[in-house]
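K.L.:
Sharing input05.cif below, mmCIF, C-alpha atoms and all ligand atoms:
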```
data_final
#
loop_
_atom_site.label_atom_id
_atom_site.label_comp_id
_atom_site.auth_asym_id
_atom_site.auth_seq_id
_atom_site.Cartn_x
_atom_site.Cartn_y
_atom_site.Cartn_z
CA MET A 1 0.00 0.00 0.00
CA GLN A 2 1.24 3.44 -0.94
CA TYR A 3 0.23 6.67 0.77
CA TYR A 4 0.00 10.02 -0.99
CA SER A 5 0.02 13.52 0.43
CA LEU A 6 -3.33 15.31 0.36
CA ASN A 7 -1.38 18.42 -0.71
CA ARG A 8 -0.29 16.37 -3.74
CA ASN A 9 3.15 17.86 -3.87
CA ALA A 10 5.27 15.11 -2.35
CA PRO A 11 6.29 11.60 -3.43
CA ASN A 12 4.12 8.62 -2.52
CA VAL A 13 5.53 6.57 0.35
CA ALA A 14 5.11 3.14 1.93
CA PHE A 15 3.40 2.65 5.30
CA SER A 16 6.69 2.67 7.24
CA GLU A 17 7.83 5.96 5.81
CA ALA A 18 4.45 7.58 6.38
CA VAL A 19 4.58 6.47 10.02
CA VAL A 20 8.16 7.62 10.62
CA LYS A 21 7.59 10.99 8.89
CA GLY A 22 4.13 11.71 10.30
CA LEU A 23 3.49 14.56 7.89
CA ALA A 24 4.51 14.63 4.20
CA PRO A 25 7.36 17.00 3.21
CA ASP A 26 4.77 19.31 1.56
CA ARG A 27 3.02 19.52 4.99
CA GLY A 28 0.09 17.44 3.68
CA LEU A 29 -1.59 14.56 5.50
CA TYR A 30 -0.92 11.08 4.18
CA PHE A 31 -3.87 9.16 2.75
CA PRO A 32 -4.08 5.55 1.47
CA GLU A 33 -4.03 5.28 -2.33
CA THR A 34 -6.82 2.69 -2.32
CA ILE A 35 -9.35 1.31 0.16
CA THR A 36 -10.54 -2.15 -0.87
CA PRO A 37 -13.77 -3.42 0.73
CA LEU A 38 -13.57 -6.63 2.73
CA PRO A 39 -15.70 -9.56 1.45
CA ALA A 40 -19.38 -9.40 2.52
CA SER A 41 -18.88 -12.70 4.38
CA PHE A 42 -16.50 -10.91 6.77
CA PHE A 43 -19.37 -8.83 8.15
CA GLU A 44 -21.91 -11.66 7.90
CA ASP A 45 -19.73 -13.94 10.03
CA ILE A 46 -18.34 -11.26 12.31
CA GLU A 47 -19.91 -12.65 15.48
CA SER A 48 -17.83 -15.80 15.16
CA MET A 49 -14.50 -13.94 15.02
CA ASP A 50 -12.40 -12.68 17.91
CA ASN A 51 -11.21 -9.08 18.09
CA ILE A 52 -7.64 -9.86 17.03
CA ASP A 53 -8.83 -11.64 13.87
CA ILE A 54 -11.22 -8.84 13.06
CA ALA A 55 -8.54 -6.21 13.57
CA TYR A 56 -5.98 -8.15 11.54
CA HIS A 57 -8.25 -8.40 8.50
CA ALA A 58 -9.34 -4.78 8.83
CA ILE A 59 -5.80 -3.32 9.03
CA GLN A 60 -3.99 -5.78 6.76
CA GLN A 61 -4.26 -3.84 3.48
CA PHE A 62 -3.05 -0.64 5.17
CA VAL A 63 0.15 -2.11 6.57
CA GLY A 64 0.67 -4.20 3.43
CA ASP A 65 3.59 -6.59 3.35
CA GLU A 66 5.89 -4.36 5.36
CA LEU A 67 4.84 -6.06 8.57
CA PRO A 68 4.70 -9.87 8.49
CA GLU A 69 1.40 -11.39 9.61
CA GLU A 70 2.76 -12.74 12.89
CA VAL A 71 4.23 -9.33 13.76
CA VAL A 72 0.91 -7.59 13.09
CA ARG A 73 -0.94 -10.18 15.17
CA ASP A 74 1.53 -9.79 18.06
CA ILE A 75 1.15 -6.02 17.93
CA LEU A 76 -2.65 -6.32 17.90
CA LYS A 77 -2.68 -8.76 20.84
CA ASP A 78 -0.66 -6.28 22.81
CA VAL A 79 -2.66 -3.21 21.71
CA LEU A 80 -6.16 -4.70 22.09
CA SER A 81 -5.71 -6.30 25.50
CA PHE A 82 -8.85 -4.78 27.00
CA ASP A 83 -12.61 -4.63 26.30
CA PHE A 84 -14.68 -2.32 24.09
CA PRO A 85 -18.20 -2.98 25.39
CA VAL A 86 -21.42 -1.48 24.03
CA VAL A 87 -23.62 -0.70 27.03
CA ASP A 88 -27.40 -0.25 26.56
CA ILE A 89 -28.44 3.14 27.94
CA GLU A 90 -32.07 3.49 26.95
CA ASP A 91 -34.42 2.14 24.30
CA GLY A 92 -32.57 2.21 20.98
CA ILE A 93 -29.44 3.89 22.37
CA GLY A 94 -26.17 2.48 23.66
CA THR A 95 -22.70 3.74 24.42
CA LEU A 96 -19.46 2.25 23.15
CA GLU A 97 -17.02 2.45 26.05
CA LEU A 98 -13.53 3.18 24.74
CA PHE A 99 -11.95 3.93 28.09
CA HIS A 100 -10.83 0.55 29.41
CA GLY A 101 -7.20 1.02 28.36
CA PRO A 102 -4.23 2.03 30.53
CA THR A 103 -4.85 5.81 30.48
CA MET A 104 -8.65 5.50 30.24
CA ALA A 105 -9.10 7.51 27.03
CA PHE A 106 -9.70 6.11 23.56
CA LYS A 107 -6.35 7.37 22.33
CA ASP A 108 -4.63 4.40 24.00
CA VAL A 109 -5.22 2.08 21.04
CA GLY A 110 -3.76 4.38 18.39
CA ALA A 111 -0.84 5.43 20.59
CA ARG A 112 0.07 1.83 21.43
CA PHE A 113 -0.27 0.69 17.81
CA MET A 114 1.93 3.52 16.57
CA ALA A 115 4.55 2.84 19.25
CA ARG A 116 4.78 -0.86 18.34
CA CYS A 117 5.04 -0.06 14.61
CA LEU A 118 7.85 2.45 15.16
CA GLU A 119 9.67 0.00 17.38
CA TYR A 120 9.50 -2.62 14.63
CA PHE A 121 10.60 -0.26 11.84
CA ASN A 122 13.51 0.95 13.96
CA ARG A 123 14.62 -2.49 15.13
CA ASP A 124 17.95 -2.62 13.28
CA ASN A 125 18.65 1.06 13.44
CA ASP A 126 20.90 2.74 16.01
CA ASN A 127 19.41 6.17 15.42
CA HIS A 128 16.69 7.06 17.84
CA ILE A 129 13.42 8.55 16.68
CA THR A 130 12.07 11.41 18.77
CA VAL A 131 8.34 11.67 19.16
CA LEU A 132 7.54 15.30 19.91
CA VAL A 133 4.00 16.02 21.01
CA ALA A 134 2.03 18.90 22.48
CA THR A 135 -0.92 17.97 24.64
CA SER A 136 -3.90 19.64 26.25
CA GLY A 137 -4.28 16.54 28.43
CA ASP A 138 -5.36 13.20 27.01
CA THR A 139 -3.02 12.73 24.07
CA GLY A 140 0.12 13.13 26.16
CA GLY A 141 -0.88 10.49 28.69
CA ALA A 142 -1.81 7.93 26.06
CA VAL A 143 1.37 8.59 24.07
CA ALA A 144 3.61 8.49 27.16
CA ASN A 145 2.06 5.22 28.26
CA GLY A 146 2.05 3.68 24.78
CA PHE A 147 5.72 4.48 24.15
CA LEU A 148 7.06 3.70 27.62
CA GLY A 149 10.12 1.46 27.32
CA VAL A 150 9.86 1.22 23.52
CA LYS A 151 13.38 0.70 22.16
CA GLY A 152 14.84 3.31 19.82
CA VAL A 153 12.18 5.92 20.55
CA ASP A 154 12.44 8.96 22.83
CA VAL A 155 9.28 10.83 23.71
CA VAL A 156 9.16 14.52 24.54
CA ILE A 157 5.80 15.86 25.70
CA LEU A 158 4.97 19.54 26.07
CA PHE A 159 2.07 20.46 28.31
CA PRO A 160 0.78 23.83 29.51
CA SER A 161 1.57 24.47 33.16
CA GLY A 162 -1.55 24.56 35.34
CA LYS A 163 -3.89 23.74 32.43
CA VAL A 164 -4.11 19.94 32.66
CA SER A 165 -6.04 18.10 35.37
CA ASP A 166 -4.17 16.60 38.36
CA ILE A 167 -4.71 13.08 37.10
CA GLN A 168 -3.58 13.99 33.60
CA LYS A 169 -0.43 15.61 35.01
CA LYS A 170 0.36 12.46 36.97
CA GLN A 171 -0.04 10.38 33.82
CA LEU A 172 2.41 12.65 31.98
CA THR A 173 5.12 13.18 34.53
CA THR A 174 5.54 9.98 36.54
CA LEU A 175 6.79 7.50 33.95
CA GLY A 176 10.45 8.43 33.48
CA ASN A 177 12.55 6.06 31.32
CA ASN A 178 12.35 7.24 27.67
CA ILE A 179 9.59 9.76 28.42
CA THR A 180 10.36 13.42 29.21
CA ALA A 181 7.67 15.89 30.19
CA LEU A 182 8.29 19.59 29.52
CA GLU A 183 6.07 21.91 31.52
CA VAL A 184 5.54 25.03 29.44
CA ASP A 185 4.84 28.40 31.00
CA GLY A 186 1.94 29.17 28.63
CA VAL A 187 -1.25 27.74 27.13
CA PHE A 188 -1.79 24.74 24.82
CA ASP A 189 -1.45 26.87 21.70
CA ASP A 190 2.06 27.91 22.85
CA CYS A 191 3.04 24.24 23.21
CA GLN A 192 1.63 23.47 19.78
CA GLU A 193 3.47 26.42 18.24
CA MET A 194 6.80 25.32 19.75
CA VAL A 195 6.34 21.81 18.38
CA LYS A 196 5.54 23.14 14.91
CA THR A 197 8.59 25.42 14.99
CA ALA A 198 10.83 22.51 16.00
CA PHE A 199 9.63 20.40 13.07
CA LEU A 200 10.74 23.16 10.68
CA ASP A 201 14.03 23.92 12.48
CA THR A 202 16.82 22.41 10.38
CA ASP A 203 19.34 22.72 13.23
CA ILE A 204 17.23 20.13 15.02
CA THR A 205 16.03 17.99 12.12
CA ALA A 206 19.63 17.64 10.85
CA ILE A 207 20.50 15.60 13.92
CA ARG A 208 17.18 14.23 15.18
CA GLN A 209 14.50 12.28 13.34
CA LEU A 210 11.36 13.95 14.68
CA THR A 211 7.86 12.58 14.33
CA SER A 212 4.47 13.49 15.70
CA ALA A 213 2.06 11.27 17.58
CA ASN A 214 -1.27 12.97 17.08
CA SER A 215 -3.96 11.72 14.73
CA ILE A 216 -2.28 13.17 11.65
CA ASN A 217 -0.01 10.11 11.94
CA ILE A 218 -1.66 7.24 10.05
CA ALA A 219 -0.52 4.68 12.63
CA ARG A 220 -2.39 6.56 15.33
CA TRP A 221 -5.38 7.35 13.17
CA LEU A 222 -6.24 4.14 11.28
CA PRO A 223 -6.45 1.60 14.17
CA GLN A 224 -9.40 3.60 15.48
CA LEU A 225 -11.51 1.99 12.76
CA PHE A 226 -11.52 -1.18 14.91
CA TYR A 227 -13.90 0.42 17.42
CA PHE A 228 -16.71 0.72 14.91
CA ILE A 229 -16.39 -2.88 13.77
CA PHE A 230 -16.21 -4.15 17.37
CA ALA A 231 -19.40 -2.21 18.15
CA TYR A 232 -21.20 -3.59 15.10
CA LYS A 233 -20.27 -7.13 16.12
CA GLN A 234 -22.00 -6.59 19.47
CA VAL A 235 -25.22 -5.02 18.16
CA LYS A 236 -25.64 -6.92 14.87
CA SER A 237 -28.16 -9.36 16.39
CA LYS A 238 -30.52 -6.47 17.16
CA GLY A 239 -31.19 -6.36 13.41
CA LYS A 240 -31.28 -2.55 13.31
CA ASP A 241 -29.54 0.10 11.23
CA VAL A 242 -26.57 1.48 13.14
CA VAL A 243 -26.02 5.21 13.62
CA PHE A 244 -22.80 6.38 15.30
CA SER A 245 -22.41 9.67 17.15
CA VAL A 246 -18.76 10.52 17.70
CA PRO A 247 -17.62 13.30 20.06
CA SER A 248 -15.21 15.11 17.75
CA GLY A 249 -12.28 17.49 18.08
CA ASN A 250 -9.66 16.82 15.44
CA PHE A 251 -12.12 14.45 13.67
CA GLY A 252 -9.63 11.57 13.55
CA ASN A 253 -11.86 9.08 15.32
CA ILE A 254 -14.96 9.70 13.21
CA CYS A 255 -12.83 9.71 10.06
CA ALA A 256 -11.55 6.23 10.97
CA GLY A 257 -15.19 5.16 11.34
CA ILE A 258 -15.88 6.31 7.80
CA VAL A 259 -12.90 4.26 6.61
CA ALA A 260 -14.51 1.23 8.34
CA ARG A 261 -17.64 1.91 6.32
CA LYS A 262 -15.57 2.02 3.12
CA LEU A 263 -14.39 -1.45 4.10
CA GLY A 264 -18.05 -2.51 3.95
CA LEU A 265 -19.18 -2.03 7.56
CA PRO A 266 -22.95 -1.49 7.48
CA VAL A 267 -23.39 1.97 9.03
CA LYS A 268 -26.45 4.06 8.20
CA HIS A 269 -25.22 7.44 9.36
CA PHE A 270 -22.41 9.27 11.15
CA ILE A 271 -22.96 12.18 13.50
CA ALA A 272 -20.05 14.41 14.49
CA SER A 273 -20.96 15.88 17.88
CA THR A 274 -18.94 18.91 18.90
CA ASN A 275 -18.86 21.51 21.66
CA ILE A 276 -19.04 25.20 20.74
CA ASN A 277 -15.96 24.75 18.57
CA ASP A 278 -18.27 24.39 15.58
CA THR A 279 -16.17 24.93 12.46
CA VAL A 280 -17.49 21.77 10.78
CA VAL A 281 -21.09 22.36 11.88
CA THR A 282 -20.96 25.77 10.21
CA TYR A 283 -19.33 24.29 7.12
CA LEU A 284 -22.20 21.83 6.63
CA LYS A 285 -24.67 24.72 6.83
CA THR A 286 -22.83 27.19 4.61
CA SER A 287 -20.40 25.04 2.55
CA GLU A 288 -17.67 27.45 3.63
CA TYR A 289 -14.85 26.09 5.76
CA VAL A 290 -13.59 28.85 8.05
CA PRO A 291 -11.21 27.76 10.84
CA LYS A 292 -11.53 29.69 14.11
CA PRO A 293 -9.39 30.04 17.23
CA SER A 294 -10.39 27.37 19.76
CA LYS A 295 -12.58 28.19 22.75
CA ALA A 296 -12.27 26.53 26.16
CA THR A 297 -15.08 24.17 27.25
CA ILE A 298 -15.69 21.41 29.80
CA SER A 299 -15.16 18.83 27.03
CA ASN A 300 -11.66 20.20 26.52
CA ALA A 301 -10.22 17.33 24.48
CA MET A 302 -12.47 18.63 21.69
CA ASP A 303 -11.46 22.28 21.89
CA VAL A 304 -10.21 22.45 18.33
CA GLY A 305 -10.93 25.32 15.95
CA ASN A 306 -9.32 23.83 12.84
CA PRO A 307 -9.81 20.05 12.89
CA SER A 308 -6.81 18.53 11.12
CA ASN A 309 -8.55 15.36 9.89
CA PHE A 310 -11.55 16.99 8.25
CA ILE A 311 -9.66 17.12 4.96
CA ARG A 312 -9.41 13.32 5.11
CA ILE A 313 -13.18 13.07 5.54
CA GLN A 314 -13.71 15.26 2.50
CA GLN A 315 -11.38 13.00 0.56
CA LEU A 316 -13.36 9.91 1.65
CA PHE A 317 -16.42 11.53 0.06
CA GLU A 318 -14.37 12.51 -3.02
CA ASN A 319 -14.87 16.16 -2.08
CA ASN A 320 -18.57 15.85 -2.94
CA PHE A 321 -20.42 18.15 -0.52
CA GLU A 322 -23.88 16.69 -1.22
CA ALA A 323 -22.70 13.10 -0.78
CA LEU A 324 -21.04 14.07 2.50
CA LYS A 325 -24.22 15.68 3.81
CA GLN A 326 -26.27 12.59 3.07
CA ASP A 327 -24.24 10.27 5.30
CA PHE A 328 -22.79 12.71 7.78
CA SER A 329 -24.31 15.31 10.11
CA ALA A 330 -22.70 17.60 12.67
CA TYR A 331 -24.22 19.34 15.68
CA SER A 332 -22.73 21.63 18.29
CA PHE A 333 -23.65 21.95 21.98
CA ASP A 334 -22.60 24.34 24.74
CA ASP A 335 -21.46 23.52 28.27
CA ASN A 336 -24.92 24.01 29.80
CA GLN A 337 -26.46 21.53 27.39
CA THR A 338 -23.61 19.13 28.10
CA ARG A 339 -24.17 19.33 31.87
CA GLU A 340 -27.93 18.88 31.40
CA ALA A 341 -27.31 15.79 29.27
CA MET A 342 -25.01 14.32 31.93
CA LYS A 343 -27.76 14.88 34.50
CA THR A 344 -30.50 13.41 32.28
CA ILE A 345 -28.49 10.27 31.59
CA TYR A 346 -27.61 9.88 35.27
CA THR A 347 -31.13 10.51 36.54
CA ASN A 348 -32.78 8.15 34.06
CA THR A 349 -30.26 5.33 34.02
CA LYS A 350 -27.64 5.87 36.78
CA TYR A 351 -25.01 5.84 34.03
CA ILE A 352 -22.19 8.35 34.56
CA ALA A 353 -21.13 9.88 31.26
CA ASP A 354 -18.10 12.12 30.96
CA PRO A 355 -18.60 15.52 29.24
CA HIS A 356 -17.37 14.19 25.86
CA GLY A 357 -19.69 11.20 25.90
CA ALA A 358 -22.55 13.49 26.91
CA VAL A 359 -21.94 15.62 23.82
CA GLY A 360 -22.15 12.41 21.78
CA TYR A 361 -25.46 11.54 23.43
CA LEU A 362 -26.82 14.98 22.57
CA GLY A 363 -25.95 14.38 18.90
CA LEU A 364 -28.19 11.30 18.84
CA GLN A 365 -31.02 13.24 20.54
CA GLU A 366 -30.69 16.10 18.07
CA ARG A 367 -30.88 13.90 14.98
CA GLY A 368 -33.39 11.49 16.48
CA ILE A 369 -33.24 7.67 16.37
CA SER A 370 -36.14 5.83 14.68
CA ASP A 371 -37.61 2.43 15.62
CA THR A 372 -35.56 0.72 12.94
CA GLU A 373 -32.28 2.27 14.10
CA TYR A 374 -29.86 1.73 16.96
CA GLY A 375 -27.84 4.79 18.00
CA ILE A 376 -24.39 4.39 19.52
CA PHE A 377 -22.50 7.28 21.09
CA LEU A 378 -18.83 6.83 21.83
CA GLU A 379 -17.67 7.25 25.43
CA THR A 380 -14.17 8.53 24.64
CA ALA A 381 -12.89 8.94 28.23
CA HIS A 382 -13.66 7.57 31.67
CA PRO A 383 -15.52 10.12 33.85
CA VAL A 384 -12.69 9.99 36.40
CA LYS A 385 -10.51 11.92 33.95
CA PHE A 386 -12.85 14.89 34.28
CA LEU A 387 -13.51 14.40 37.96
CA ASP A 388 -14.27 18.00 38.97
CA VAL A 389 -16.88 18.56 36.27
CA VAL A 390 -18.50 15.15 36.71
CA GLU A 391 -18.71 15.23 40.50
CA SER A 392 -19.96 18.81 40.69
CA THR A 393 -22.54 18.30 37.91
CA LEU A 394 -23.94 15.02 39.20
CA ASP A 395 -23.42 15.64 42.89
CA THR A 396 -21.90 12.22 43.33
CA THR A 397 -18.46 10.68 43.72
CA VAL A 398 -16.64 8.63 41.12
CA ALA A 399 -14.65 5.63 42.30
CA ILE A 400 -10.98 5.80 41.31
CA PRO A 401 -10.13 2.84 39.01
CA PRO A 402 -6.89 0.86 39.57
CA GLN A 403 -5.14 2.29 36.47
CA ILE A 404 -5.46 5.76 37.97
CA LYS A 405 -4.69 4.76 41.56
CA LYS A 406 -1.40 3.35 40.36
CA VAL A 407 -0.05 6.74 39.28
CA LEU A 408 -1.46 8.90 42.05
CA ASN A 409 1.35 8.30 44.55
CA LYS A 410 4.21 8.42 42.08
CA GLU A 411 6.64 11.30 42.03
CA GLU A 412 6.13 13.93 39.34
CA VAL A 413 9.20 14.87 37.30
CA SER A 414 9.11 17.57 34.65
CA ILE A 415 11.40 20.23 33.19
CA LYS A 416 10.01 23.75 33.20
CA ILE A 417 10.53 25.79 30.04
CA LYS A 418 9.44 29.27 29.01
CA SER A 419 10.56 29.75 25.42
CA TYR A 420 11.26 27.96 22.16
CA GLU A 421 14.99 28.50 22.71
CA GLU A 422 14.80 26.35 25.82
CA LEU A 423 13.06 23.56 23.89
CA LYS A 424 15.73 23.80 21.21
CA GLN A 425 18.52 23.57 23.78
CA PHE A 426 16.89 20.50 25.20
CA LEU A 427 16.64 18.81 21.80
CA LEU A 428 20.19 19.59 20.70
CA PRO A 429 23.00 17.46 22.16
C1 LIG A 501 -9.11 13.31 21.63
C2 LIG A 501 -10.44 13.19 22.27
C3 LIG A 501 -11.64 13.42 21.54
C4 LIG A 501 -11.63 13.91 20.11
O1 LIG A 501 -11.20 12.94 19.19
P1 LIG A 501 -10.81 13.34 17.70
O2 LIG A 501 -10.33 12.11 17.06
O3 LIG A 501 -9.72 14.39 17.83
O4 LIG A 501 -12.02 13.93 17.06
C5 LIG A 501 -12.84 13.21 22.18
N1 LIG A 501 -12.89 12.83 23.47
C6 LIG A 501 -11.77 12.60 24.20
C7 LIG A 501 -11.91 12.21 25.62
C8 LIG A 501 -10.51 12.77 23.64
O5 LIG A 501 -9.41 12.56 24.36
#
```
Please render this file's structure as structure tokens.
Ligand SMILES: *Cc1c(COP(=O)(O)O)cnc(C)c1O
P.N.:
Amino acid sequence: MQYYSLNRNAPNVAFSEAVVKGLAPDRGLYFPETITPLPASFFEDIESMDNIDIAYHAIQQFVGDELPEEVVRDILKDVLSFDFPVVDIEDGIGTLELFHGPTMAFKDVGARFMARCLEYFNRDNDNHITVLVATSGDTGGAVANGFLGVKGVDVVILFPSGKVSDIQKKQLTTLGNNITALEVDGVFDDCQEMVKTAFLDTDITAIRQLTSANSINIARWLPQLFYFIFAYKQVKSKGKDVVFSVPSGNFGNICAGIVARKLGLPVKHFIASTNINDTVVTYLKTSEYVPKPSKATISNAMDVGNPSNFIRIQQLFENNFEALKQDFSAYSFDDNQTREAMKTIYTNTKYIADPHGAVGYLGLQERGISDTEYGIFLETAHPVKFLDVVESTLDTTVAIPPQIKKVLNKEEVSIKIKSYEELKQFLLP
């Protein structure tokens, strides 16, 4: 399988090169040259297959022959070592829980898959790869955990001082080993800007192979298509048309779902549910795509004003606006609506949704789910990761799961930096 740059001004590359580079030299996102549907029997017989088999067949064409089958299966066994249950919430609506991994956010799967791929590609190479990533909270923890102890890879994470939750900070700063946390005196946008500057700084790139670990990287983005197939396997026997509502920020997760549909997964409709960062919602109304600065909300992992993966979604619909609108809707909700939804779900069902999941639930309510449909909203993080908001909104306490307990007493280690120059000094020998 070859990947081309969506800016169409860079050579096509194999999977390994796309993963190591992250972004194409023309700054475009990589995209698979072809997506070949799986045989219809794959979906007909899905209930008889285990998750590793399903994932292997779904990802095989994208990794091509660069990874031998037994290597891919080993990676998948390691990456998919926890459950992805669909939990019935109310009549015709369920939630797909994606938070049973080590850092309790859905990004664990992509981060772990990418880490294992890089480790394999770098196995005979003495040069280290440096994964440089800015985080507003969840990405950093998943990446740090996924790459911990991976040979040949150093991870440098920039996070804004005082702007991540206590639990998120613990997840970023207590691992040590090949993971370094840089605590930036600034906001998330400052961290992001420093990372972007470093990628273009030839003093650094001359001596360090830098790559990113957010969803622009195909190895972090594509494995997310497993979720949608795992969900279908669980609800197939209901005999209803499946509608997914995906809480969206950079639109990587929902885009992977649309790839799963291209593989033949029977999905009736996709809903992108966003907070007030509504660039895509406005685009669907006006057909004009106007990125905006991001605004802070209680579902902060979705505070994105210019979603980087939306261009991939447009490509999946061959840039046909009408075709996109038929299969894809987007709705935006503010923090009050999000809190009300959390309360409604809790009052009616005793289910505790985190703010991101609640936004997904609202998307299903807004579109409406008919008698012949089953609506699934994705629970992208465990409520414990947004403890303050959840406990104050629902007036209840959330039990701390073992994954989180484990990090709470560990010592935090981070290096404080104020400027790009300090990042550069750190990255140069
Ligand atoms: C990253 C994240 C999202 C948004 O996912 P995208 O793929 O960027 O759209 C939603 N919820 C949580 C909890 C996240 O961490």
K.L.:
So, counting all atoms listed in the file, which residue among A:Asn253, A:Arg123, A:Lys292, A:Leu96 is closest to Arg312 (chain A)?
P.N.:
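Ranked by minimum distance to Arg312 (chain A), first place goes to A:Asn253.
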K.L.:
Find the spatial neighbours of Gly363 (chain A), counting all atoms listed in the file, within a cut-off of 12 Å - ignore same-chain residues fewer than 4 positions away - and output them as a short mmCIF file (atom, residue, chain, number, x, y, z; two decimals) with C-alpha atoms, keeping the file's coordinate frame.
P.N.:
```cif
data_model
loop_
_atom_site.label_atom_id
_atom_site.label_comp_id
_atom_site.auth_asym_id
_atom_site.auth_seq_id
_atom_site.Cartn_x
_atom_site.Cartn_y
_atom_site.Cartn_z
CA ILE A 93 -29.44 3.89 22.37
CA VAL A 243 -26.02 5.21 13.62
CA PHE A 244 -22.80 6.38 15.30
CA SER A 245 -22.41 9.67 17.15
CA VAL A 246 -18.76 10.52 17.70
CA PRO A 247 -17.62 13.30 20.06
CA SER A 248 -15.21 15.11 17.75
CA HIS A 269 -25.22 7.44 9.36
CA PHE A 270 -22.41 9.27 11.15
CA ILE A 271 -22.96 12.18 13.50
CA ALA A 272 -20.05 14.41 14.49
CA SER A 273 -20.96 15.88 17.88
CA THR A 274 -18.94 18.91 18.90
CA ASN A 275 -18.86 21.51 21.66
CA VAL A 281 -21.09 22.36 11.88
CA PHE A 328 -22.79 12.71 7.78
CA SER A 329 -24.31 15.31 10.11
CA ALA A 330 -22.70 17.60 12.67
CA TYR A 331 -24.22 19.34 15.68
CA SER A 332 -22.73 21.63 18.29
CA PHE A 333 -23.65 21.95 21.98
CA GLN A 337 -26.46 21.53 27.39
CA THR A 338 -23.61 19.13 28.10
CA ALA A 341 -27.31 15.79 29.27
CA HIS A 356 -17.37 14.19 25.86
CA GLY A 357 -19.69 11.20 25.90
CA ALA A 358 -22.55 13.49 26.91
CA VAL A 359 -21.94 15.62 23.82
CA ARG A 367 -30.88 13.90 14.98
CA GLY A 368 -33.39 11.49 16.48
CA ILE A 369 -33.24 7.67 16.37
CA GLY A 375 -27.84 4.79 18.00
CA ILE A 376 -24.39 4.39 19.52
CA PHE A 377 -22.50 7.28 21.09
CA LEU A 378 -18.83 6.83 21.83
#
```
K.L.:
Kindly provide, as a ChimeraX atom specification, all nucleotide and amino acid residues lying within 9 Å of ligand LIG 501 (chain A), counting all atoms listed in the file.
P.N.:
/A:99,104-107,137-139,214-215,221,224,246-256,272,274,299-304,307-309,354-357,378-382,385
K.L.:
With C-alpha atoms retained, write the just-selected residues as a PDB file, keeping the file's coordinate frame.
P.N.:
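The result, written out as out_8.pdb:
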```
ATOM      1  CA  PHE A  99     -11.950   3.930  28.090  1.00  0.00           C
ATOM      2  CA  MET A 104      -8.650   5.500  30.240  1.00  0.00           C
ATOM      3  CA  ALA A 105      -9.100   7.510  27.030  1.00  0.00           C
ATOM      4  CA  PHE A 106      -9.700   6.110  23.560  1.00  0.00           C
ATOM      5  CA  LYS A 107      -6.350   7.370  22.330  1.00  0.00           C
ATOM      6  CA  GLY A 137      -4.280  16.540  28.430  1.00  0.00           C
ATOM      7  CA  ASP A 138      -5.360  13.200  27.010  1.00  0.00           C
ATOM      8  CA  THR A 139      -3.020  12.730  24.070  1.00  0.00           C
ATOM      9  CA  ASN A 214      -1.270  12.970  17.080  1.00  0.00           C
ATOM     10  CA  SER A 215      -3.960  11.720  14.730  1.00  0.00           C
ATOM     11  CA  TRP A 221      -5.380   7.350  13.170  1.00  0.00           C
ATOM     12  CA  GLN A 224      -9.400   3.600  15.480  1.00  0.00           C
ATOM     13  CA  VAL A 246     -18.760  10.520  17.700  1.00  0.00           C
ATOM     14  CA  PRO A 247     -17.620  13.300  20.060  1.00  0.00           C
ATOM     15  CA  SER A 248     -15.210  15.110  17.750  1.00  0.00           C
ATOM     16  CA  GLY A 249     -12.280  17.490  18.080  1.00  0.00           C
ATOM     17  CA  ASN A 250      -9.660  16.820  15.440  1.00  0.00           C
ATOM     18  CA  PHE A 251     -12.120  14.450  13.670  1.00  0.00           C
ATOM     19  CA  GLY A 252      -9.630  11.570  13.550  1.00  0.00           C
ATOM     20  CA  ASN A 253     -11.860   9.080  15.320  1.00  0.00           C
ATOM     21  CA  ILE A 254     -14.960   9.700  13.210  1.00  0.00           C
ATOM     22  CA  CYS A 255     -12.830   9.710  10.060  1.00  0.00           C
ATOM     23  CA  ALA A 256     -11.550   6.230  10.970  1.00  0.00           C
ATOM     24  CA  ALA A 272     -20.050  14.410  14.490  1.00  0.00           C
ATOM     25  CA  THR A 274     -18.940  18.910  18.900  1.00  0.00           C
ATOM     26  CA  SER A 299     -15.160  18.830  27.030  1.00  0.00           C
ATOM     27  CA  ASN A 300     -11.660  20.200  26.520  1.00  0.00           C
ATOM     28  CA  ALA A 301     -10.220  17.330  24.480  1.00  0.00           C
ATOM     29  CA  MET A 302     -12.470  18.630  21.690  1.00  0.00           C
ATOM     30  CA  ASP A 303     -11.460  22.280  21.890  1.00  0.00           C
ATOM     31  CA  VAL A 304     -10.210  22.450  18.330  1.00  0.00           C
ATOM     32  CA  PRO A 307      -9.810  20.050  12.890  1.00  0.00           C
ATOM     33  CA  SER A 308      -6.810  18.530  11.120  1.00  0.00           C
ATOM     34  CA  ASN A 309      -8.550  15.360   9.890  1.00  0.00           C
ATOM     35  CA  ASP A 354     -18.100  12.120  30.960  1.00  0.00           C
ATOM     36  CA  PRO A 355     -18.600  15.520  29.240  1.00  0.00           C
ATOM     37  CA  HIS A 356     -17.370  14.190  25.860  1.00  0.00           C
ATOM     38  CA  GLY A 357     -19.690  11.200  25.900  1.00  0.00           C
ATOM     39  CA  LEU A 378     -18.830   6.830  21.830  1.00  0.00           C
ATOM     40  CA  GLU A 379     -17.670   7.250  25.430  1.00  0.00           C
ATOM     41  CA  THR A 380     -14.170   8.530  24.640  1.00  0.00           C
ATOM     42  CA  ALA A 381     -12.890   8.940  28.230  1.00  0.00           C
ATOM     43  CA  HIS A 382     -13.660   7.570  31.670  1.00  0.00           C
ATOM     44  CA  LYS A 385     -10.510  11.920  33.950  1.00  0.00           C
TER      45      LYS A 385
END
```
